[in-house]
$ cat data28.txt   # compact mmCIF, C-alpha atoms
# COMPACT_ATOMS: atom_id res chain seq x y z
CA MET A 1 30.31 -36.20 12.15
CA ALA A 2 29.40 -37.47 15.60
CA ILE A 3 25.91 -38.20 16.84
CA ARG A 4 25.74 -36.17 20.03
CA ASN A 5 22.02 -35.64 20.61
CA ILE A 6 19.39 -38.33 20.33
CA VAL A 7 15.73 -37.55 20.90
CA VAL A 8 13.13 -40.18 21.71
CA SER A 9 9.41 -39.57 21.47
CA VAL A 10 7.35 -41.59 23.95
CA ALA A 11 3.67 -41.80 24.77
CA GLY A 12 3.52 -43.90 27.92
CA ALA A 13 2.16 -47.04 26.25
CA PRO A 14 3.95 -50.37 26.88
CA GLY A 15 5.53 -50.07 23.44
CA SER A 16 7.06 -46.76 24.43
CA LEU A 17 9.19 -48.48 27.04
CA VAL A 18 10.76 -50.63 24.34
CA THR A 19 11.31 -47.53 22.20
CA ALA A 20 12.96 -45.79 25.16
CA LYS A 21 15.19 -48.77 25.92
CA TYR A 22 16.45 -48.79 22.35
CA ALA A 23 17.08 -45.04 22.49
CA ILE A 24 19.01 -45.46 25.76
CA ALA A 25 21.06 -48.27 24.20
CA LEU A 26 21.81 -46.19 21.10
CA SER A 27 22.81 -43.22 23.25
CA LYS A 28 25.10 -45.39 25.33
CA LEU A 29 26.74 -47.01 22.32
CA LEU A 30 27.18 -43.72 20.47
CA GLY A 31 28.13 -41.64 23.51
CA ALA A 32 25.21 -39.29 22.94
CA LYS A 33 22.94 -37.35 25.24
CA LEU A 34 19.34 -38.56 25.30
CA THR A 35 16.37 -36.21 25.32
CA ALA A 36 12.96 -37.78 25.97
CA LEU A 37 9.75 -36.06 24.86
CA TYR A 38 6.32 -36.89 26.20
CA VAL A 39 3.49 -34.87 24.67
CA VAL A 40 0.15 -34.52 26.40
CA ASN A 41 -2.19 -34.73 23.44
CA GLU A 42 -4.37 -31.67 23.95
CA LYS A 43 -5.67 -31.92 20.39
CA VAL A 44 -7.71 -35.02 21.15
CA LEU A 45 -9.17 -33.39 24.29
CA HIS A 46 -10.19 -30.32 22.28
CA GLU A 47 -11.82 -32.55 19.67
CA LEU A 48 -13.81 -34.40 22.31
CA LEU A 49 -14.88 -31.14 23.90
CA HIS A 50 -15.84 -29.69 20.54
CA THR A 51 -17.98 -32.71 19.68
CA ARG A 52 -19.52 -32.54 23.14
CA ILE A 53 -18.50 -36.05 24.13
CA PHE A 54 -16.59 -34.44 26.99
CA VAL A 55 -17.66 -31.70 29.34
CA GLU A 56 -15.13 -29.09 30.46
CA ALA A 57 -14.52 -30.53 33.92
CA GLU A 58 -14.02 -33.97 32.46
CA ALA A 59 -11.49 -32.75 29.88
CA GLN A 60 -9.56 -30.91 32.60
CA ALA A 61 -9.46 -34.05 34.72
CA TYR A 62 -8.14 -36.08 31.79
CA ALA A 63 -5.52 -33.42 31.06
CA ARG A 64 -4.30 -33.64 34.66
CA ASP A 65 -4.22 -37.45 34.51
CA MET A 66 -2.30 -37.42 31.24
CA GLU A 67 0.18 -34.92 32.62
CA GLN A 68 0.73 -37.05 35.71
CA GLN A 69 1.19 -40.17 33.60
CA GLY A 70 3.70 -38.29 31.47
CA LYS A 71 5.68 -37.11 34.50
CA SER A 72 5.78 -40.61 35.95
CA PHE A 73 6.88 -42.09 32.65
CA LEU A 74 9.67 -39.54 32.18
CA GLU A 75 10.88 -40.14 35.74
CA ARG A 76 11.03 -43.84 34.98
CA LEU A 77 13.08 -43.18 31.85
CA GLN A 78 15.42 -40.92 33.80
CA LYS A 79 16.18 -43.73 36.24
CA MET A 80 16.76 -46.18 33.40
CA ALA A 81 19.10 -43.77 31.61
CA GLU A 82 21.01 -42.99 34.80
CA GLN A 83 21.45 -46.71 35.49
CA LYS A 84 23.09 -47.04 32.09
CA GLY A 85 25.19 -43.92 32.55
CA VAL A 86 23.48 -42.00 29.75
CA PRO A 87 23.15 -38.20 30.04
CA TYR A 88 19.41 -37.54 30.04
CA GLU A 89 16.89 -34.76 29.90
CA GLY A 90 13.12 -35.17 29.79
CA PHE A 91 10.48 -32.72 28.57
CA LEU A 92 6.76 -32.86 29.21
CA LEU A 93 5.09 -30.94 26.40
CA LYS A 94 1.48 -30.11 25.59
CA GLY A 95 -0.24 -29.67 22.26
CA VAL A 96 -0.32 -31.48 18.95
CA ILE A 97 2.07 -34.42 19.24
CA SER A 98 3.75 -34.15 15.83
CA ASP A 99 4.21 -30.37 16.03
CA GLU A 100 5.68 -30.50 19.53
CA VAL A 101 8.05 -33.35 18.72
CA ILE A 102 9.26 -31.77 15.48
CA ASN A 103 9.78 -28.35 17.05
CA LYS A 104 11.60 -29.66 20.12
CA THR A 105 13.77 -31.98 18.03
CA LYS A 106 14.89 -28.95 16.04
CA ALA A 107 15.34 -26.82 19.16
CA VAL A 108 17.73 -29.27 20.80
CA GLN A 109 19.54 -29.77 17.48
CA ALA A 110 18.98 -33.50 17.52
CA ASP A 111 21.11 -35.69 15.28
CA MET A 112 18.67 -38.56 15.44
CA LEU A 113 15.03 -39.08 16.39
CA VAL A 114 13.83 -42.41 17.77
CA ILE A 115 10.14 -43.28 17.53
CA GLY A 116 7.96 -46.31 18.11
CA GLU A 117 6.62 -48.51 15.37
CA LEU A 118 4.10 -46.78 13.13
CA ARG A 119 0.54 -48.03 13.12
CA GLU A 120 -0.83 -49.96 10.21
CA VAL A 121 -2.16 -47.57 7.60
CA THR A 122 -5.56 -48.51 6.26
CA SER A 123 -6.33 -45.45 4.16
CA VAL A 124 -4.49 -42.81 2.21
CA SER A 125 -5.83 -40.14 4.53
CA GLN A 126 -4.22 -41.80 7.52
CA LEU A 127 -0.88 -41.18 5.88
CA PHE A 128 -1.59 -37.48 6.25
CA TYR A 129 -3.27 -37.42 9.63
CA ASP A 130 -1.43 -39.99 11.73
CA GLU A 131 0.86 -38.26 14.21
CA GLY A 132 3.61 -40.86 13.80
CA GLU A 133 3.53 -40.52 10.02
CA ARG A 134 3.73 -36.73 10.34
CA ILE A 135 6.74 -36.94 12.61
CA PHE A 136 8.38 -39.39 10.23
CA ARG A 137 7.90 -37.11 7.23
CA LYS A 138 8.64 -33.76 8.86
CA SER A 139 11.69 -34.55 10.95
CA HIS A 140 14.77 -32.52 10.05
CA CYS A 141 17.08 -35.35 11.14
CA PRO A 142 17.28 -39.12 10.53
CA VAL A 143 14.46 -41.09 12.14
CA VAL A 144 14.88 -44.53 13.65
CA MET A 145 11.73 -46.60 14.05
CA VAL A 146 12.02 -49.26 16.75
CA ARG A 147 10.94 -52.85 16.10
CA ASP A 148 11.67 -56.26 17.51
CA GLN A 149 11.07 -56.14 21.26
CA ALA A 150 13.15 -59.25 21.94
CA MET A 151 16.19 -57.76 20.24
CA VAL A 152 15.77 -54.48 22.12
CA GLU A 153 15.46 -56.20 25.49
CA ALA A 154 18.58 -58.26 24.79
CA LEU A 155 20.54 -55.19 23.69
CA PHE A 156 19.40 -53.22 26.74
CA LYS A 157 20.65 -55.97 29.05
CA GLU A 158 24.00 -56.09 27.27
CA ILE A 159 24.93 -52.44 27.58
CA MET B 160 -6.43 -48.93 17.43
CA GLN B 161 -9.60 -48.97 15.35
CA LEU B 162 -13.17 -49.16 16.54
CA SER B 163 -13.80 -52.18 14.32
CA GLU B 164 -11.00 -54.01 16.13
CA CYS B 165 -12.43 -53.28 19.58
CA LEU B 166 -16.14 -53.83 19.05
CA GLN B 167 -17.00 -57.52 19.04
CA ARG B 168 -20.03 -59.01 17.30
CA GLU B 169 -21.36 -60.53 20.54
CA HIS B 170 -21.32 -57.11 22.19
CA CYS B 171 -23.65 -55.56 19.61
CA LEU B 172 -27.19 -55.71 20.98
CA MET B 173 -29.36 -54.85 18.01
CA ARG B 174 -32.55 -54.86 20.09
CA LEU B 175 -32.10 -53.47 23.56
CA THR B 176 -34.85 -54.44 25.96
CA ALA B 177 -34.07 -51.53 28.29
CA THR B 178 -36.33 -48.50 28.24
CA THR B 179 -34.37 -46.21 30.56
CA LYS B 180 -30.84 -44.85 30.54
CA GLU B 181 -29.92 -46.73 33.70
CA ALA B 182 -31.33 -50.01 32.41
CA ALA B 183 -29.58 -49.60 29.06
CA ILE B 184 -26.24 -49.06 30.78
CA ALA B 185 -26.87 -52.12 32.93
CA GLU B 186 -27.81 -54.20 29.86
CA LEU B 187 -24.74 -53.15 27.89
CA THR B 188 -22.31 -53.60 30.76
CA GLY B 189 -23.98 -56.96 31.37
CA THR B 190 -23.08 -58.24 27.93
CA LEU B 191 -19.47 -57.22 28.51
CA ALA B 192 -19.45 -58.83 31.94
CA ALA B 193 -20.88 -62.04 30.50
CA SER B 194 -17.78 -62.26 28.30
CA GLY B 195 -15.51 -61.88 31.29
CA LEU B 196 -14.27 -58.44 30.21
CA VAL B 197 -15.51 -56.66 33.33
CA LYS B 198 -14.03 -57.34 36.76
CA ASP B 199 -16.62 -55.34 38.67
CA GLN B 200 -19.85 -54.56 36.83
CA PRO B 201 -21.54 -52.53 39.61
CA GLU B 202 -18.44 -50.32 39.79
CA LEU B 203 -18.40 -49.86 36.01
CA ILE B 204 -22.09 -48.87 36.10
CA ARG B 205 -21.46 -46.49 39.00
CA ARG B 206 -18.60 -44.74 37.19
CA ILE B 207 -20.61 -44.38 33.99
CA LEU B 208 -23.61 -42.97 35.84
CA ASP B 209 -21.31 -40.60 37.75
CA ARG B 210 -20.09 -39.32 34.38
CA GLU B 211 -23.69 -38.86 33.21
CA LYS B 212 -24.26 -36.58 36.21
CA LEU B 213 -21.66 -34.15 34.79
CA GLY B 214 -23.69 -33.81 31.61
CA SER B 215 -25.51 -36.05 29.18
CA THR B 216 -23.47 -38.19 26.81
CA GLY B 217 -26.40 -38.04 24.41
CA ILE B 218 -24.48 -36.05 21.79
CA GLY B 219 -27.30 -35.60 19.29
CA ASN B 220 -28.57 -37.41 16.19
CA GLN B 221 -30.09 -40.05 18.48
CA VAL B 222 -26.65 -41.21 19.63
CA ALA B 223 -25.24 -41.54 23.15
CA ILE B 224 -21.73 -42.48 24.20
CA PRO B 225 -21.78 -43.28 27.93
CA HIS B 226 -18.18 -43.75 28.99
CA ALA B 227 -15.77 -43.81 31.93
CA PRO B 228 -12.26 -44.84 32.85
CA THR B 229 -12.23 -47.31 35.73
CA PRO B 230 -10.11 -50.13 37.13
CA ALA B 231 -13.32 -52.20 36.99
CA VAL B 232 -12.21 -53.25 33.49
CA SER B 233 -8.86 -54.75 32.54
CA GLY B 234 -8.40 -52.96 29.24
CA LEU B 235 -10.65 -51.20 26.79
CA VAL B 236 -14.22 -52.47 26.44
CA ILE B 237 -17.00 -51.36 24.14
CA ALA B 238 -20.57 -52.44 23.59
CA PHE B 239 -23.24 -51.21 21.21
CA GLY B 240 -26.98 -51.18 21.74
CA ARG B 241 -29.90 -50.12 19.58
CA SER B 242 -33.27 -49.16 20.96
CA GLU B 243 -36.26 -49.30 18.61
CA GLN B 244 -38.49 -47.19 20.85
CA GLY B 245 -35.83 -44.70 21.92
CA ILE B 246 -34.47 -43.89 25.37
CA ASP B 247 -34.48 -40.59 27.20
CA PHE B 248 -30.82 -39.69 27.74
CA ASN B 249 -31.53 -36.01 28.31
CA ALA B 250 -29.66 -35.54 25.03
CA LEU B 251 -28.30 -32.17 23.95
CA ASP B 252 -30.70 -31.95 21.00
CA GLY B 253 -33.67 -33.16 23.04
CA GLN B 254 -34.18 -36.25 20.91
CA GLU B 255 -34.53 -39.73 22.30
CA VAL B 256 -31.47 -41.92 21.85
CA ARG B 257 -31.61 -45.00 19.64
CA GLN B 258 -27.93 -45.85 19.18
CA ILE B 259 -25.69 -46.29 22.22
CA PHE B 260 -21.96 -46.92 22.33
CA LEU B 261 -20.82 -47.75 25.84
CA ILE B 262 -17.08 -47.51 26.43
CA GLY B 263 -15.03 -48.34 29.49
CA SER B 264 -11.30 -48.31 29.92
CA ASN B 265 -8.73 -49.04 32.54
CA PRO B 266 -7.05 -45.72 33.43
CA ARG B 267 -3.65 -47.05 32.34
CA ASP B 268 -4.99 -47.22 28.76
CA LEU B 269 -5.99 -43.56 28.78
CA ASN B 270 -4.36 -42.64 25.46
CA VAL B 271 -5.97 -45.49 23.58
CA TYR B 272 -9.31 -44.71 25.18
CA LEU B 273 -9.18 -41.05 24.14
CA HIS B 274 -8.17 -41.94 20.60
CA LEU B 275 -11.03 -44.40 20.33
CA LEU B 276 -13.53 -41.81 21.55
CA ALA B 277 -12.15 -39.30 19.05
CA ARG B 278 -12.36 -41.83 16.24
CA LEU B 279 -15.95 -42.68 17.11
CA SER B 280 -16.79 -39.00 17.29
CA LYS B 281 -15.39 -38.44 13.79
CA LEU B 282 -17.38 -41.34 12.40
CA LEU B 283 -20.61 -40.16 13.99
CA ASN B 284 -20.14 -36.66 12.62
CA ASP B 285 -20.11 -38.11 9.11
CA LYS B 286 -23.66 -38.08 7.76
CA PHE B 287 -22.84 -40.81 5.21
CA PHE B 288 -21.67 -43.07 8.02
CA ARG B 289 -24.77 -42.33 10.09
CA HIS B 290 -27.00 -43.06 7.09
CA GLU B 291 -25.53 -46.53 6.53
CA PHE B 292 -25.02 -47.25 10.20
CA THR B 293 -28.65 -46.69 11.15
CA ARG B 294 -29.77 -48.98 8.33
CA ALA B 295 -27.58 -51.91 9.37
CA ARG B 296 -29.94 -54.62 10.59
CA THR B 297 -27.51 -57.15 12.03
CA ALA B 298 -24.34 -56.99 14.09
CA ASP B 299 -22.36 -58.21 11.09
CA GLU B 300 -23.79 -55.47 8.88
CA LEU B 301 -23.06 -52.90 11.57
CA LEU B 302 -19.44 -53.98 11.93
CA ALA B 303 -19.04 -54.02 8.16
CA VAL B 304 -20.25 -50.41 7.95
CA ILE B 305 -17.85 -49.33 10.69
CA LYS B 306 -14.95 -51.13 9.03
CA LYS B 307 -15.77 -49.66 5.64
CA HIS B 308 -15.90 -46.10 6.93
CA GLU B 309 -12.81 -46.47 9.07
CA LYS B 310 -10.96 -47.40 5.89
CA SER B 311 -12.48 -44.61 3.85
CA ALA B 312 -11.04 -41.20 3.34
CA LEU B 313 -13.51 -39.77 5.81
CA ALA B 314 -12.21 -41.71 8.77
CA VAL B 315 -9.11 -39.72 9.43
CA THR B 316 -8.47 -39.67 13.15
CA LYS B 317 -5.95 -41.85 14.83
$ encode --input "data28.txt" --output "structure tokens"
Amino acid sequence: MAIRNIVVSVAGAPGSLVTAKYAIALSKLLGAKLTALYVVNEKVLHELLHTRIFVEAEAQAYARDMEQQGKSFLERLQKMAEQKGVPYEGFLLKGVISDEVINKTKAVQADMLVIGELREVTSVSQLFYDEGERIFRKSHCPVVMVRDQAMVEALFKEI
Amino acid sequence: MQLSECLQREHCLMRLTATTKEAAIAELTGTLAASGLVKDQPELIRRILDREKLGSTGIGNQVAIPHAPTPAVSGLVIAFGRSEQGIDFNALDGQEVRQIFLIGSNPRDLNVYLHLLARLSKLLNDKFFRHEFTRARTADELLAVIKKHEKSALAVTK
């Protein structure tokens, strides 16, 4: 069975670039198409509105900023994938990160999901509420968690 | 990222001298600037006061969270201040504010900033946290309470 579709979930943080580079390298080595997902986390904005830390206009401004950051990040990944000759498609999604990633991964019939390193868990409840943990547990396909930045950078240069 | 990792002992002012919102924001940003965490303190103050004009960040229960994203800071910065006499923040519940968390973030760290605000919001909605938090007398006690509750089953947001 060939691995034809690889999905990578990114969030725009510096660590996401390393995750994306590994996903591009894997796609290149396996001859797979790469689909990148960037989810604008509307859940956190709703929470901050609900608790009245944000006002409506402020939340809307943040949503626009996050969307713009997501677009820019996906464009950057597209260039990187194209430079390596990897077929690429990027999706900017909105909602709850884990739900969006899981649903889209299923929709594109991914054979593999690449995610960044999970955060340190300091309580049992975090196992249930952390978005990365949720993705890890709910994914229908194998999940690769990226570690070791130096190794990834070296691999990315090699391909 | 956890609140207890971001809030440093030296940025917890357990006795604010300020008696107004503007002075409190200046005092809290001052302690961050003194540590070299703020590139442009007047700009940070301006952005936080601009945000206050949209609506009070006094969220009730004598707590305010003045905040703003701005390139005036390199990363994410947070300071805490406690006022014994209370400060008029035009809070939503009409009470004077006694506990202030001031948060600034470079716009490139938007996701981390939002998560930290959400985490703080969850903590402050927990009456057990508020009970212990308001009784902490020193910065070390305060940080210990935050750490304890971030590890507890009630601190669930990431």
$ interface_residues --input "data28.txt" --of "chain B" --to "chain A" --cutoff "12 Å" --atoms "all atoms listed in the file" --output "PyMOL selection string"
chain B and resi 160-161+209-219+222-228+250-252+260+262+266-284+306-317
$ atom_distance --input "data28.txt" --atom1 "atom CA of A:Met151" --atom2 "atom CA of A:Glu117"
14.2 Å
$ residues_around --input "data28.txt" --residues "A:Glu75" --least-positions-apart "2" --cutoff "12 Å" --atoms "all atoms listed in the file" --output "PyMOL selection string"
chain A and resi 12+36-38+68-73+77-82+88-92
$ closest_residue --input "data28.txt" --among "B:Arg296, B:Arg241, B:His290, B:Arg257" --to "B:Leu175" --atoms "only C-alpha atoms"
B:Arg241
$ atom_distance --input "data28.txt" --atom1 "atom CA of A:Leu30" --atom2 "atom CA of A:Ile6"
9.5 Å
$ closest_residue --input "data28.txt" --among "A:Val108, A:Ala63, A:Ala20, A:Val101" --to "A:Arg76" --atoms "only C-alpha atoms"
A:Ala20
$ closest_residue --input "data28.txt" --among "A:Pro87, A:Thr105, A:Asp99, A:Ala61" --to "A:Val7" --atoms "only C-alpha atoms"
A:Thr105
$ atom_distance --input "data28.txt" --atom1 "atom CA of A:Lys94" --atom2 "atom CA of B:Ala231"
28.9 Å
$ residues_around --input "data28.txt" --residues "A:Val18" --least-positions-apart "5" --cutoff "12 Å" --atoms "only C-alpha atoms" --output "list in words"
Val8, Ser9, Val10, Ala11, Gly12, Ala13, Ala23, Ile24, Ala25, Leu77, Met80, Val114, Ile115, Gly116, Glu117, Met145, Val146, Arg147, Asp148, Gln149, Ala150, Met151, Val152, Glu153, Ala154, Leu155 and Phe156 of chain A
$ residues_near_point --input "data28.txt" --point "(-32.4, -58.8, 26.5)" --cutoff "10 Å" --atoms "all atoms listed in the file" --output "ChimeraX atom specification"
/B:172-177,183,186-187,189-190
$ closest_residue --input "data28.txt" --among "B:Leu261, B:Ile184, B:Val197, B:Ile207" --to "B:Val232" --atoms "only C-alpha atoms"
B:Val197
$ residues_around --input "data28.txt" --residues "B:Ile246" --least-positions-apart "2" --cutoff "8 Å" --atoms "only C-alpha atoms" --output "PDB file with C-alpha atoms, in the frame of the given file"
ATOM      1  CA  THR B 178     -36.330 -48.500  28.240  1.00  0.00           C
ATOM      2  CA  THR B 179     -34.370 -46.210  30.560  1.00  0.00           C
ATOM      3  CA  LYS B 180     -30.840 -44.850  30.540  1.00  0.00           C
ATOM      4  CA  SER B 242     -33.270 -49.160  20.960  1.00  0.00           C
ATOM      5  CA  GLN B 244     -38.490 -47.190  20.850  1.00  0.00           C
ATOM      6  CA  PHE B 248     -30.820 -39.690  27.740  1.00  0.00           C
ATOM      7  CA  GLU B 255     -34.530 -39.730  22.300  1.00  0.00           C
ATOM      8  CA  VAL B 256     -31.470 -41.920  21.850  1.00  0.00           C
ATOM      9  CA  ARG B 257     -31.610 -45.000  19.640  1.00  0.00           C
TER      10      ARG B 257
END
$ residues_around --input "data28.txt" --residues "B:Ser264" --least-positions-apart "6" --cutoff "6 Å" --atoms "all atoms listed in the file" --output "number ranges by chain"
B: 228-229, 234-235
$ build_atoms --input "data28.txt" --residues "stretch 42-63 of chain A" --atoms "N, CA and C atoms" --output "mmCIF file, in the coordinates of the input"
data_model
loop_
_atom_site.group_PDB
_atom_site.id
_atom_site.type_symbol
_atom_site.label_atom_id
_atom_site.label_comp_id
_atom_site.auth_asym_id
_atom_site.auth_seq_id
_atom_site.Cartn_x
_atom_site.Cartn_y
_atom_site.Cartn_z
ATOM 1 N N GLU A 42 -3.240 -32.575 23.694
ATOM 2 C CA GLU A 42 -4.370 -31.670 23.950
ATOM 3 C C GLU A 42 -5.338 -31.633 22.767
ATOM 4 N N LYS A 43 -4.829 -31.967 21.582
ATOM 5 C CA LYS A 43 -5.670 -31.920 20.390
ATOM 6 C C LYS A 43 -6.884 -32.852 20.541
ATOM 7 N N VAL A 44 -6.613 -34.047 21.040
ATOM 8 C CA VAL A 44 -7.710 -35.020 21.150
ATOM 9 C C VAL A 44 -8.728 -34.553 22.205
ATOM 10 N N LEU A 45 -8.241 -33.908 23.265
ATOM 11 C CA LEU A 45 -9.170 -33.390 24.290
ATOM 12 C C LEU A 45 -10.041 -32.274 23.712
ATOM 13 N N HIS A 46 -9.420 -31.398 22.912
ATOM 14 C CA HIS A 46 -10.190 -30.320 22.280
ATOM 15 C C HIS A 46 -11.240 -30.873 21.337
ATOM 16 N N GLU A 47 -10.860 -31.920 20.603
ATOM 17 C CA GLU A 47 -11.820 -32.550 19.670
ATOM 18 C C GLU A 47 -13.020 -33.115 20.430
ATOM 19 N N LEU A 48 -12.722 -33.772 21.543
ATOM 20 C CA LEU A 48 -13.810 -34.400 22.310
ATOM 21 C C LEU A 48 -14.685 -33.359 23.006
ATOM 22 N N LEU A 49 -14.083 -32.242 23.349
ATOM 23 C CA LEU A 49 -14.880 -31.140 23.900
ATOM 24 C C LEU A 49 -15.757 -30.523 22.813
ATOM 25 N N HIS A 50 -15.141 -30.323 21.665
ATOM 26 C CA HIS A 50 -15.840 -29.690 20.540
ATOM 27 C C HIS A 50 -17.050 -30.524 20.101
ATOM 28 N N THR A 51 -16.880 -31.839 20.113
ATOM 29 C CA THR A 51 -17.980 -32.710 19.680
ATOM 30 C C THR A 51 -18.926 -33.047 20.829
ATOM 31 N N ARG A 52 -18.661 -32.466 21.962
ATOM 32 C CA ARG A 52 -19.520 -32.540 23.140
ATOM 33 C C ARG A 52 -19.594 -33.941 23.762
ATOM 34 N N ILE A 53 -18.608 -34.755 23.446
ATOM 35 C CA ILE A 53 -18.500 -36.050 24.130
ATOM 36 C C ILE A 53 -17.950 -35.819 25.538
ATOM 37 N N PHE A 54 -17.098 -34.825 25.675
ATOM 38 C CA PHE A 54 -16.590 -34.440 26.990
ATOM 39 C C PHE A 54 -17.211 -33.129 27.445
ATOM 40 N N VAL A 55 -17.334 -33.003 28.750
ATOM 41 C CA VAL A 55 -17.660 -31.700 29.340
ATOM 42 C C VAL A 55 -16.342 -31.110 29.851
ATOM 43 N N GLU A 56 -16.367 -29.813 30.109
ATOM 44 C CA GLU A 56 -15.130 -29.090 30.460
ATOM 45 C C GLU A 56 -14.406 -29.723 31.659
ATOM 46 N N ALA A 57 -15.152 -29.988 32.710
ATOM 47 C CA ALA A 57 -14.520 -30.530 33.920
ATOM 48 C C ALA A 57 -13.876 -31.880 33.651
ATOM 49 N N GLU A 58 -14.529 -32.645 32.803
ATOM 50 C CA GLU A 58 -14.020 -33.970 32.460
ATOM 51 C C GLU A 58 -12.702 -33.846 31.677
ATOM 52 N N ALA A 59 -12.695 -32.950 30.692
ATOM 53 C CA ALA A 59 -11.490 -32.750 29.880
ATOM 54 C C ALA A 59 -10.327 -32.284 30.754
ATOM 55 N N GLN A 60 -10.620 -31.401 31.707
ATOM 56 C CA GLN A 60 -9.560 -30.910 32.600
ATOM 57 C C GLN A 60 -9.003 -32.054 33.460
ATOM 58 N N ALA A 61 -9.904 -32.920 33.902
ATOM 59 C CA ALA A 61 -9.460 -34.050 34.720
ATOM 60 C C ALA A 61 -8.562 -34.984 33.909
ATOM 61 N N TYR A 62 -8.956 -35.223 32.648
ATOM 62 C CA TYR A 62 -8.140 -36.080 31.790
ATOM 63 C C TYR A 62 -6.781 -35.432 31.530
ATOM 64 N N ALA A 63 -6.782 -34.124 31.316
ATOM 65 C CA ALA A 63 -5.520 -33.420 31.060
ATOM 66 C C ALA A 63 -4.575 -33.587 32.251
#
